[in-house]
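Structure first, commentary second.
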Amino acid sequence: MAKTKQPAVKSYFFSKGYVDLKNTIVSAWKSNARSISRYKDNLSGLSGETWLKKLFFGTINILAMLSVIICGSVITTVISAIHIAILLLFMLLVYIGFTVIWCIDRIYLHKNKIFTACHVCKEKSLIPTYLCSGCGVQHTRLTPGVYGILHRTCECGTKLPTTFFNGRKNLSAICPYCGHPLMDRESRPICIPIIGGRSVGKTAFITAFSKEFIEKVAPSKSFHIEFYNSEKEQIFKEIESDYISGGTRMTKHASDTNSTSSVSFSFFVQHPSLKPERLVHVYDIAGEVFTNNDENEVQKQYEYCQGMILMFDPFSVPEIADKYESAMNAKDIAGIGRADITYIMDSFMDKLRQVTGLSEREMSRTPIAVVLGKTDTADLENCIGDTAVRELMRNQSVVYQDYYDTMDHICRQFLKDNGLENFVNQINNKFSDNRFFSCSAIGHTKDSGPYDPKGVLAPMEWLFQKADKDMAKIWNDDSFSKVPLSLIPAKK
Ligand SMILES: [Zn+2]
Ligand SMILES: [Zn+2]
């Protein structure tokens with residue numbers, strides 16, 4: 001309920017009602033006093049009269065004065081009490097009214113997991129700052145309260161809706177923290193940061209996922225996609241051109257200059273059975289955040305994200321790179337995100353904690369998908385890719401019946417075999433809900449033709465299932481643990 005002063009007119013019973021009550025009581029007593037002084041004047045006007053007149057009119061005026069003092073006071077007191085009672089009753093009714101509607105509004109927001117995740121500064125707010133459609137003044141708490149139950153009147157005279165069910169979400173809004181325009185429309189956000197060191201393929205993953213989801217999954221599941229704003233639409237144009245050229249570039253965007261270490265690609269997902277509409281934010285977290293010591297700004301989105309993707313370039317591990325170097329071409333070798341193995345194992349969790357600002361307990365509850373990329377390079381397809389998964393399922397069909405359980409097992413085993421057992425154990429210890437995936441975002445060596453992604457949807461679908469059961473149900477009728485058949489690549 002509105003606690004901070006709002007640029008709006010307060011409800012009659014919480015403002016003018018008091019003034020009217022005070023004025024009525026004061027004027028009633030004043031009128032009593034006026035009557036008494038009139039009778040007093042009458043008495044003093046009798047001085048020159050005969051004793052009979054004096055006795056007669058004097059008695060009348062004294063009686064009248066007494067009746068005003070006694071009866072007038074009693075009547076005024078009773079009427080004032082009735083007035084106060086009526087005012088209090090209406091005040092109570094209005095108070096109950098806005099409290100009930102305020103509660104309904106809050107319950108609706110919480111039940112539907114609606115909040116605003118600013119796409120620029122990443123701060124979370126339950127209700128953004130709304131702007132008056134008439135004068136543009138900021139209403140920081142546009143909720144039912146002393147300014148009105150369903151509507152409030154702005155100081156400029158414009159009537160503004162104060163609840164989810166009568167059009168509040170259609171007003172222009174800004175972030176209460178950074179002031180950037182927001183278009184969230186009281187939707188339910190699904191926030192997934194893509195994290196990992198430099199050159200591990202995060203941007204390629206986002207490019208491949210976005211294009212596949214928006215152009216293949218959405219039409220087949222009757223999801224209607226709407227870009228968050230023109231800036232995000234521009235990002236998708238770049239995604240499309242990268243997809244065709246096989247490149248990866250993510251330009252810096254104007255409004256992101258104050259938080260350059262992460263850029264969000266945001267779009268609405270609408271479906272007749274999804275109320276409210278969903279707002280997907282996929283965050284591309286600059287690799288430098290994890291590899292440099294100088295940048296450690298806290299990324300607010302980790303406090304509320306429903307899951308994260310940790311991209312991992314297998315070739316960043318020297319053992320693996322050395323093993324497969326002979327089978328790689330010069331471009332592949334140049335694109336490797338080299339990093340010290342000890343760093344990956346020992347300091348990654350610290351880095352993550354620093355960057356996210358989350359406590360260990362908070363972090364452990366967030367589902368994490370560890371994605372081993374670049375399966376198209378060297379012989380990785382036969383070690384952790386689709387071929388390897390099918391091979392193991394065929395040979396040990398009793399043990400490995402689930403495609404993604406098998407993939408999870410193969411990826412963990414691959415990392416353990418290459419000296420990364422510590423890393424696998426750390427993920428297990430620090431994140432109670434984790435799963436390993438392999439994928440190839442570009443599908444082939446960099447810059448050699450359009451994307452042909454493999455396995456980019458599965459980790460995202462797994463996280464979406466954790467984030468939003470209703471949407472995941474539409475995305476795929478089969479539960480993830482029971483092999484989402486539609487996601488398993490066709491047999492070659
Ligand atoms: Zn903001
Ligand atoms: Zn206004």
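We label chains A, B, ... in the order they appear in the structure tokens, count residues from 1 in each chain, and number ligands from 1 in the order shown.
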
Ligand 1: which residues are within 10 Å, counting only C-alpha atoms and all ligand atoms? Reply as an MDAnalysis selection string. chainID A and resid 116:125 128 174:182

May I have the residues within 7 Å of ligand 2, computed using only C-alpha atoms and all ligand atoms, as an mmCIF file with N, CA, C and O atoms, in the first residue's frame?
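Contents of the output file out32.cif:
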```
data_model
loop_
_atom_site.group_PDB
_atom_site.id
_atom_site.type_symbol
_atom_site.label_atom_id
_atom_site.label_comp_id
_atom_site.auth_asym_id
_atom_site.auth_seq_id
_atom_site.Cartn_x
_atom_site.Cartn_y
_atom_site.Cartn_z
ATOM 1 N N CYS A 132 2.332 8.621 -15.334
ATOM 2 C CA CYS A 132 0.963 9.075 -15.602
ATOM 3 C C CYS A 132 0.802 9.264 -17.111
ATOM 4 O O CYS A 132 1.655 9.863 -17.766
ATOM 5 N N SER A 133 -0.305 8.739 -17.647
ATOM 6 C CA SER A 133 -0.516 8.845 -19.095
ATOM 7 C C SER A 133 -0.870 10.273 -19.494
ATOM 8 O O SER A 133 -0.805 10.614 -20.674
ATOM 9 N N GLY A 134 -1.216 11.097 -18.517
ATOM 10 C CA GLY A 134 -1.567 12.476 -18.839
ATOM 11 C C GLY A 134 -0.382 13.416 -18.763
ATOM 12 O O GLY A 134 -0.103 14.175 -19.693
ATOM 13 N N CYS A 135 0.377 13.360 -17.645
ATOM 14 C CA CYS A 135 1.446 14.350 -17.456
ATOM 15 C C CYS A 135 2.831 13.709 -17.350
ATOM 16 O O CYS A 135 3.839 14.418 -17.307
ATOM 17 N N GLY A 136 2.897 12.370 -17.276
ATOM 18 C CA GLY A 136 4.194 11.694 -17.256
ATOM 19 C C GLY A 136 4.867 11.664 -15.894
ATOM 20 O O GLY A 136 5.983 11.181 -15.760
ATOM 21 N N VAL A 137 4.191 12.158 -14.843
ATOM 22 C CA VAL A 137 4.805 12.159 -13.522
ATOM 23 C C VAL A 137 4.937 10.712 -13.025
ATOM 24 O O VAL A 137 4.187 9.826 -13.432
ATOM 25 N N CYS A 154 -4.366 11.254 -10.630
ATOM 26 C CA CYS A 154 -3.084 11.957 -10.618
ATOM 27 C C CYS A 154 -3.339 13.431 -10.314
ATOM 28 O O CYS A 154 -4.436 13.936 -10.546
ATOM 29 N N GLU A 155 -2.333 14.098 -9.814
ATOM 30 C CA GLU A 155 -2.498 15.534 -9.505
ATOM 31 C C GLU A 155 -2.907 16.339 -10.729
ATOM 32 O O GLU A 155 -3.474 17.422 -10.622
ATOM 33 N N CYS A 156 -2.615 15.773 -11.930
ATOM 34 C CA CYS A 156 -2.999 16.475 -13.163
ATOM 35 C C CYS A 156 -4.449 16.210 -13.523
ATOM 36 O O CYS A 156 -4.976 16.778 -14.472
ATOM 37 N N GLY A 157 -5.091 15.299 -12.779
ATOM 38 C CA GLY A 157 -6.502 15.022 -13.047
ATOM 39 C C GLY A 157 -6.743 13.720 -13.802
ATOM 40 O O GLY A 157 -7.883 13.280 -13.933
ATOM 41 N N THR A 158 -5.673 13.082 -14.293
ATOM 42 C CA THR A 158 -5.840 11.832 -15.054
ATOM 43 C C THR A 158 -6.117 10.674 -14.100
ATOM 44 O O THR A 158 -5.464 10.550 -13.068
#
```

If DSSP is run on the backbone, what residues of stretch 171-229 of chain A are helix (DSSP H, G or I)? A reply as an mmCIF file with N, CA and C atoms, in the first residue's frame would be ideal.
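So the final result, stored in selection.cif, reads:
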```cif
data_model
loop_
_atom_site.group_PDB
_atom_site.id
_atom_site.type_symbol
_atom_site.label_atom_id
_atom_site.label_comp_id
_atom_site.auth_asym_id
_atom_site.auth_seq_id
_atom_site.Cartn_x
_atom_site.Cartn_y
_atom_site.Cartn_z
ATOM 1 N N LYS A 202 29.823 -18.932 -25.809
ATOM 2 C CA LYS A 202 28.553 -18.507 -25.218
ATOM 3 C C LYS A 202 27.674 -17.794 -26.253
ATOM 4 N N THR A 203 28.299 -16.854 -26.983
ATOM 5 C CA THR A 203 27.516 -16.082 -27.948
ATOM 6 C C THR A 203 26.995 -16.988 -29.065
ATOM 7 N N ALA A 204 27.816 -17.925 -29.494
ATOM 8 C CA ALA A 204 27.373 -18.879 -30.531
ATOM 9 C C ALA A 204 26.207 -19.711 -30.005
ATOM 10 N N PHE A 205 26.276 -20.078 -28.737
ATOM 11 C CA PHE A 205 25.196 -20.869 -28.136
ATOM 12 C C PHE A 205 23.898 -20.067 -28.124
ATOM 13 N N ILE A 206 24.003 -18.788 -27.703
ATOM 14 C CA ILE A 206 22.802 -17.937 -27.654
ATOM 15 C C ILE A 206 22.240 -17.733 -29.062
ATOM 16 N N THR A 207 23.139 -17.518 -30.024
ATOM 17 C CA THR A 207 22.711 -17.345 -31.418
ATOM 18 C C THR A 207 21.957 -18.579 -31.885
ATOM 19 N N ALA A 208 22.556 -19.755 -31.667
ATOM 20 C CA ALA A 208 21.942 -20.998 -32.140
ATOM 21 C C ALA A 208 20.624 -21.262 -31.421
ATOM 22 N N PHE A 209 20.614 -21.080 -30.089
ATOM 23 C CA PHE A 209 19.377 -21.345 -29.336
ATOM 24 C C PHE A 209 18.268 -20.411 -29.784
ATOM 25 N N SER A 210 18.568 -19.090 -29.831
ATOM 26 C CA SER A 210 17.535 -18.097 -30.140
ATOM 27 C C SER A 210 16.907 -18.360 -31.498
ATOM 28 N N LYS A 211 17.778 -18.619 -32.474
ATOM 29 C CA LYS A 211 17.287 -18.836 -33.839
ATOM 30 C C LYS A 211 16.448 -20.121 -33.902
ATOM 31 N N GLU A 212 16.935 -21.179 -33.288
ATOM 32 C CA GLU A 212 16.211 -22.457 -33.302
ATOM 33 C C GLU A 212 14.883 -22.339 -32.560
ATOM 34 N N PHE A 213 14.917 -21.668 -31.394
ATOM 35 C CA PHE A 213 13.693 -21.575 -30.593
ATOM 36 C C PHE A 213 12.658 -20.692 -31.286
ATOM 37 N N ILE A 214 13.121 -19.526 -31.756
ATOM 38 C CA ILE A 214 12.170 -18.560 -32.314
ATOM 39 C C ILE A 214 11.633 -19.014 -33.674
ATOM 40 N N GLU A 215 12.486 -19.659 -34.456
ATOM 41 C CA GLU A 215 12.033 -19.992 -35.811
ATOM 42 C C GLU A 215 11.617 -21.441 -35.994
ATOM 43 N N LYS A 216 11.990 -22.325 -35.067
ATOM 44 C CA LYS A 216 11.571 -23.720 -35.236
ATOM 45 C C LYS A 216 10.619 -24.175 -34.130
ATOM 46 N N VAL A 217 11.036 -24.000 -32.875
ATOM 47 C CA VAL A 217 10.192 -24.473 -31.763
ATOM 48 C C VAL A 217 8.885 -23.666 -31.707
ATOM 49 N N ALA A 218 9.016 -22.328 -31.702
ATOM 50 C CA ALA A 218 7.837 -21.476 -31.515
ATOM 51 C C ALA A 218 6.710 -21.762 -32.518
ATOM 52 N N PRO A 219 6.992 -21.768 -33.847
ATOM 53 C CA PRO A 219 5.881 -22.019 -34.769
ATOM 54 C C PRO A 219 5.253 -23.396 -34.571
ATOM 55 N N SER A 220 6.068 -24.407 -34.228
ATOM 56 C CA SER A 220 5.517 -25.759 -34.101
ATOM 57 C C SER A 220 4.700 -25.925 -32.823
#
```

Could you pull the residues within 12 Å of A:Met407, counting only C-alpha atoms, minus those fewer than 2 positions along the same chain, as an MDAnalysis selection string? chainID A and resid 370:372 381:393 400:405 409:414 435:439 455 458:459 483 488

Nearest to A:Gln301 among A:Gly196, A:Pro453, A:Gly97, A:Gly357, with distances taken over only C-alpha atoms: which residue is it?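 Smallest distance to A:Gln301 is found for A:Gly357.
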
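The closest residue to A:Trp475, picked from A:Asp379, A:Pro276, A:Ser222, A:Tyr228 and counting only C-alpha atoms, is A:Ser222.
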
Can you pull out the residues contacting A:Pro314? Cut-off 8 Å, using only C-alpha atoms, and skip same-chain residues under 6 positions away; I want them as a list in words.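 The filter keeps Ile320, Ala321, Leu372, Gly373 and Lys374 of chain A.
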
Run DSSP on the backbone and give me the residues of stretch 419-471 of chain A it puts in strand (DSSP E or B), as a list in words.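 Those in stretch 419-471 of chain A that DSSP calls strand (DSSP E or B) are Asn434, Arg435, Phe436, Phe437, Ser438, Ser440 and Lys454 of chain A.
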
Which residues are near A:Asn428? Cut-off 12 Å, only C-alpha atoms, ignore same chain within fewer than 3 positions. Put them as a list in words.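 Those residues are Met349, Ser364, Arg365, Pro367, Ile368, Ala369, Val370, Arg412, Glu421, Asn422, Phe423, Val424, Asn425, Phe431, Ser432, Asp433, Asn434, Arg435 and Phe436 of chain A.
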
Closest of A:Cys103, A:Val9, A:Leu88, A:Leu279 to A:His151 - atom-to-atom distances counting only C-alpha atoms: A:Val9

Need to verify the contact set: A:Asp105, 8 Å, only C-alpha atoms, exclusion of same-chain residues closer than 4 positions in sequence. Can you return it as a ChimeraX atom specification? /A:101,109,163-164

Take the residues from that selection and write them out as a PDB file, in the first residue's frame, keeping N, CA, C and O atoms.
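Saved result, part-v6.pdb, follows:
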```pdb
ATOM      1  N   ILE A 101      -8.297  -5.534  -2.057  1.00  0.00           N
ATOM      2  CA  ILE A 101      -7.856  -5.469  -3.456  1.00  0.00           C
ATOM      3  C   ILE A 101      -6.317  -5.494  -3.535  1.00  0.00           C
ATOM      4  O   ILE A 101      -5.732  -6.127  -4.401  1.00  0.00           O
ATOM      5  N   LEU A 109       0.266 -11.398  -8.296  1.00  0.00           N
ATOM      6  CA  LEU A 109       1.658 -11.204  -8.740  1.00  0.00           C
ATOM      7  C   LEU A 109       2.543 -12.359  -8.264  1.00  0.00           C
ATOM      8  O   LEU A 109       3.345 -12.900  -9.022  1.00  0.00           O
ATOM      9  N   THR A 163      -4.516  -1.691 -10.447  1.00  0.00           N
ATOM     10  CA  THR A 163      -4.414  -3.149 -10.247  1.00  0.00           C
ATOM     11  C   THR A 163      -4.063  -3.867 -11.547  1.00  0.00           C
ATOM     12  O   THR A 163      -4.115  -3.282 -12.628  1.00  0.00           O
ATOM     13  N   PHE A 164      -3.768  -5.167 -11.393  1.00  0.00           N
ATOM     14  CA  PHE A 164      -3.397  -5.987 -12.557  1.00  0.00           C
ATOM     15  C   PHE A 164      -4.571  -6.197 -13.497  1.00  0.00           C
ATOM     16  O   PHE A 164      -4.391  -6.440 -14.666  1.00  0.00           O
TER      17      PHE A 164
END
```
